[in-house]
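J.: What follows is protein_6.cif; its format and atoms are mmCIF, C-alpha atoms.
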```
data_target
#
loop_
_atom_site.label_atom_id
_atom_site.label_comp_id
_atom_site.auth_asym_id
_atom_site.auth_seq_id
_atom_site.Cartn_x
_atom_site.Cartn_y
_atom_site.Cartn_z
CA MET C 172 -13.68 1.06 -16.73
CA THR C 173 -13.79 -2.20 -14.82
CA GLN C 174 -11.02 -4.54 -13.73
CA GLN C 175 -10.64 -7.52 -11.46
CA GLY C 176 -8.16 -7.75 -8.65
CA THR C 177 -7.30 -9.27 -5.29
CA ILE C 178 -7.38 -7.30 -2.05
CA LYS C 179 -3.91 -7.30 -0.51
CA LYS C 180 -4.37 -4.89 2.37
CA LEU C 181 -7.19 -3.05 4.14
CA LEU C 182 -6.43 0.63 4.69
CA PRO C 183 -7.97 3.22 7.03
CA ASP C 184 -11.08 5.19 6.10
CA GLY C 185 -12.76 2.33 4.21
CA MET C 186 -10.03 1.96 1.60
CA ALA C 187 -8.23 -1.11 0.29
CA GLU C 188 -5.06 -1.84 -1.67
CA ILE C 189 -5.80 -4.13 -4.61
CA GLU C 190 -3.42 -6.10 -6.78
CA VAL C 191 -4.50 -5.84 -10.41
CA THR C 192 -2.89 -7.72 -13.27
CA ARG C 193 -3.02 -5.49 -16.31
CA ARG C 194 -2.49 -6.89 -19.76
CA SER C 195 -1.14 -4.98 -22.73
CA ALA C 196 -3.56 -3.12 -24.97
CA CYS C 197 -3.10 -5.38 -28.00
CA GLY C 198 -6.23 -7.49 -27.47
CA HIS C 199 -4.39 -10.75 -26.79
CA ASP C 200 -5.58 -12.69 -29.79
CA CYS C 201 -2.11 -14.14 -30.25
CA ALA C 202 -3.28 -16.86 -32.62
CA LYS C 203 -4.25 -14.19 -35.15
CA CYS C 204 -1.55 -11.61 -34.40
CA GLY C 205 1.70 -13.27 -33.33
CA GLY C 206 3.34 -9.85 -33.11
CA CYS C 207 4.64 -9.88 -29.56
CA GLY C 208 5.21 -13.61 -29.13
CA GLY C 209 3.18 -13.92 -25.95
CA LEU C 210 1.16 -12.18 -23.31
CA GLU C 211 2.64 -9.18 -21.55
CA THR C 212 1.31 -8.56 -18.08
CA GLN C 213 2.04 -5.97 -15.46
CA THR C 214 1.09 -6.10 -11.79
CA LEU C 215 -0.21 -2.84 -10.34
CA TYR C 216 -1.34 -1.91 -6.86
CA VAL C 217 -4.41 0.32 -6.80
CA THR C 218 -6.11 2.06 -3.90
CA ALA C 219 -9.90 1.92 -4.02
CA ARG C 220 -12.91 2.68 -1.84
CA ASN C 221 -14.07 -0.56 -0.21
CA ARG C 222 -17.83 -0.03 -0.15
CA ALA C 223 -18.42 -3.75 -0.79
CA LYS C 224 -16.78 -4.48 2.61
CA ALA C 225 -14.52 -7.13 1.04
CA ASP C 226 -11.70 -8.71 3.05
CA VAL C 227 -8.03 -9.42 2.38
CA GLY C 228 -7.54 -12.17 -0.19
CA GLU C 229 -10.95 -11.77 -1.87
CA ARG C 230 -11.26 -11.29 -5.63
CA VAL C 231 -13.18 -8.12 -6.41
CA LEU C 232 -14.42 -6.07 -9.32
CA ILE C 233 -13.24 -2.47 -9.29
CA GLU C 234 -14.64 0.34 -11.37
CA GLY C 235 -13.08 3.65 -12.22
CA GLU C 236 -14.76 6.74 -13.55
CA THR C 237 -13.52 6.80 -17.13
CA GLY C 238 -13.26 10.58 -17.37
CA GLN C 239 -11.19 10.90 -14.23
CA VAL C 240 -8.89 8.00 -15.16
CA LEU C 241 -8.34 9.40 -18.66
CA GLY C 242 -7.69 12.85 -17.19
CA LEU C 243 -4.98 11.40 -14.97
CA ALA C 244 -3.45 9.60 -17.95
CA VAL C 245 -3.32 12.88 -19.89
CA LEU C 246 -1.69 14.58 -16.91
CA VAL C 247 0.99 11.91 -16.56
CA TYR C 248 1.72 11.12 -20.23
CA VAL C 249 0.66 14.02 -22.44
CA LEU C 250 1.34 17.13 -20.36
CA PRO C 251 5.11 16.58 -19.98
CA ILE C 252 5.48 15.98 -23.73
CA VAL C 253 3.50 19.10 -24.60
CA LEU C 254 5.58 21.09 -22.12
CA PHE C 255 8.78 19.71 -23.66
CA PHE C 256 7.84 20.95 -27.14
CA ALA C 257 6.67 24.30 -25.76
CA GLY C 258 9.94 24.70 -23.86
CA TYR C 259 11.97 23.71 -26.92
CA ALA C 260 10.17 26.26 -29.09
CA LEU C 261 10.41 28.98 -26.46
CA GLY C 262 14.09 28.34 -25.79
CA SER C 263 14.91 28.29 -29.51
CA VAL C 264 13.12 31.58 -30.14
CA LEU C 265 14.40 33.46 -27.10
CA PHE C 266 18.02 32.31 -27.29
CA THR C 267 18.27 31.34 -31.00
CA GLY C 268 19.87 27.96 -30.70
CA ALA C 269 19.09 24.28 -30.59
CA ALA C 270 20.96 23.82 -27.31
CA ALA C 271 18.85 26.47 -25.61
CA GLY C 272 15.73 24.87 -27.04
CA ALA C 273 16.75 21.45 -25.75
CA LEU C 274 17.51 22.88 -22.32
CA GLY C 275 14.18 24.72 -22.20
CA GLY C 276 12.33 21.61 -23.33
CA GLY C 277 14.10 19.46 -20.75
CA VAL C 278 13.34 21.87 -17.93
CA LEU C 279 9.63 22.09 -18.78
CA PHE C 280 9.45 18.30 -19.27
CA VAL C 281 10.85 17.73 -15.77
CA LEU C 282 8.46 20.37 -14.37
CA GLY C 283 5.55 18.51 -16.01
CA ILE C 284 6.58 15.24 -14.39
CA LEU C 285 7.09 16.91 -11.00
CA GLY C 286 3.63 18.48 -11.35
CA ALA C 287 2.08 15.07 -12.03
CA ILE C 288 3.85 13.58 -8.98
CA TRP C 289 2.68 16.49 -6.82
CA TYR C 290 -0.92 16.11 -8.00
CA SER C 291 -0.84 12.35 -7.40
CA ARG C 292 0.38 12.83 -3.84
CA ARG C 293 -2.22 15.53 -3.24
CA MET C 294 -4.99 13.19 -4.40
CA LYS C 295 -3.67 10.43 -2.16
CA ALA C 296 -3.50 12.74 0.86
CA ARG C 297 -7.12 13.80 0.31
CA ASN C 298 -8.31 10.22 -0.30
CA GLU C 299 -9.48 11.23 -3.77
CA VAL C 300 -9.21 7.89 -5.53
CA PRO C 301 -10.78 7.26 -8.93
CA TYR C 302 -11.57 3.60 -8.14
CA GLU C 303 -14.26 1.86 -6.13
CA ILE C 304 -14.82 -1.81 -5.29
CA THR C 305 -18.27 -2.57 -6.65
CA LYS C 306 -18.59 -6.32 -6.25
CA ARG C 307 -17.09 -9.38 -4.60
CA LEU C 308 -16.30 -12.20 -7.05
#
```
Take the structure from the file and write it as structure tokens.
T.:
Amino acid sequence: MTQQGTIKKLLPDGMAEIEVTRRSACGHDCAKCGGCGGLETQTLYVTARNRAKADVGERVLIEGETGQVLGLAVLVYVLPIVLFFAGYALGSVLFTGAAAGALGGGVLFVLGILGAIWYSRRMKARNEVPYEITKRL
């Protein structure tokens, strides 16, 4: 996975904060599609290893290990949903009722999100970032 961005801030330990403009996943061939009516963009700030020794304001190419990035996406998006359905099923079976199932699903969903937040903070504290600046542009 590669993306382009602009270095906004140099961080300790050879890290940098990069502003990346991410576009939606539709492919952006609006002339053919016309479904969304325009381009949707989102600005993200990513921490990456600065092995290219780039400075603030420079455009850079960042690469992420696909497996690690996809694993994080599963943790953030899929795990809470799976936990919700597991909690719903467990609550419905143990307490025979839809309300108990919804409560169980909600509790496990929130636990899944809290787990993802905890893991993200743990990675940040250990400087385990999935991105690296590979080239100055």
J.: Counting only C-alpha atoms, figure out which residue out of C:Ala296, C:Val253, C:Ala223, C:Met172 gets nearest to Leu308 in chain C.
T.: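 Closest to Leu308 in chain C of all the choices is C:Ala223.
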J.: Please provide as a list in words all residues within 8 Å of Thr177 in chain C, with the sequence filter that same-chain residues fewer than 4 positions apart are discarded (counting all atoms listed in the file).
T.: Ile189, Glu190, Val191, Val227, Gly228, Glu229, Arg230 and Val231 of chain C
J.: Could you list, as a list in words, every residue within 8 Å of range 268-284 of chain C, counting all atoms listed in the file and ignoring same-chain residues fewer than 6 positions away?
T.: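 Neighbouring residues, sequence-local ones excluded: Val247, Leu250, Pro251, Ile252, Leu254, Phe255, Phe256, Ala257, Gly258, Tyr259, Ala260, Leu261 and Gly262 of chain C.
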J.: Restricting the calculation to all atoms listed in the file, which member of C:Ser291, C:Lys179, C:Ala225, C:Pro301 is positioned closest to Leu241 in chain C?
T.: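 When distances to Leu241 in chain C are compared using all atoms listed in the file, the smallest one comes from C:Pro301.
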J.: Could you state which residues are captured by the PyMOL selection byres ((chain C and resi 234) around 8) in this file, as a short mmCIF file (atom, residue, chain, number, x, y, z; two decimals) with C-alpha atoms, keeping the file's coordinate frame?
T.:
```cif
data_model
loop_
_atom_site.label_atom_id
_atom_site.label_comp_id
_atom_site.auth_asym_id
_atom_site.auth_seq_id
_atom_site.Cartn_x
_atom_site.Cartn_y
_atom_site.Cartn_z
CA MET C 172 -13.68 1.06 -16.73
CA THR C 173 -13.79 -2.20 -14.82
CA GLN C 174 -11.02 -4.54 -13.73
CA LEU C 232 -14.42 -6.07 -9.32
CA ILE C 233 -13.24 -2.47 -9.29
CA GLY C 235 -13.08 3.65 -12.22
CA GLU C 236 -14.76 6.74 -13.55
CA TYR C 302 -11.57 3.60 -8.14
CA GLU C 303 -14.26 1.86 -6.13
CA ILE C 304 -14.82 -1.81 -5.29
CA THR C 305 -18.27 -2.57 -6.65
#
```
J.: Which is closest to Arg222 in chain C among C:Leu246, C:Val264, C:Val240, C:Leu181, if we use only C-alpha atoms?
T.: C:Leu181
J.: Which distance in Å separates CA of Ala219 in chain C and CA of Glu299 in chain C, to one decimal?
T.: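 Separating CA of Ala219 in chain C from CA of Glu299 in chain C is a distance of 9.3 Å.
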J.: Using 8 Å of padding on each side, determine the axis-aligned box around all atoms of range 242-256 of chain C present in the file and give its centre and edge lengths in Å to one decimal, as AutoDock Vina command-line options.
T.:
```
--center_x 0.5 --center_y 15.3 --center_z -21.1 --size_x 32.5 --size_y 27.5 --size_z 28.2
```
J.: For CA of Leu182 in chain C and CA of Leu285 in chain C, determine how far apart the two atoms are, in Å to one decimal place.
T.: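 A separation of 26.3 Å between them.
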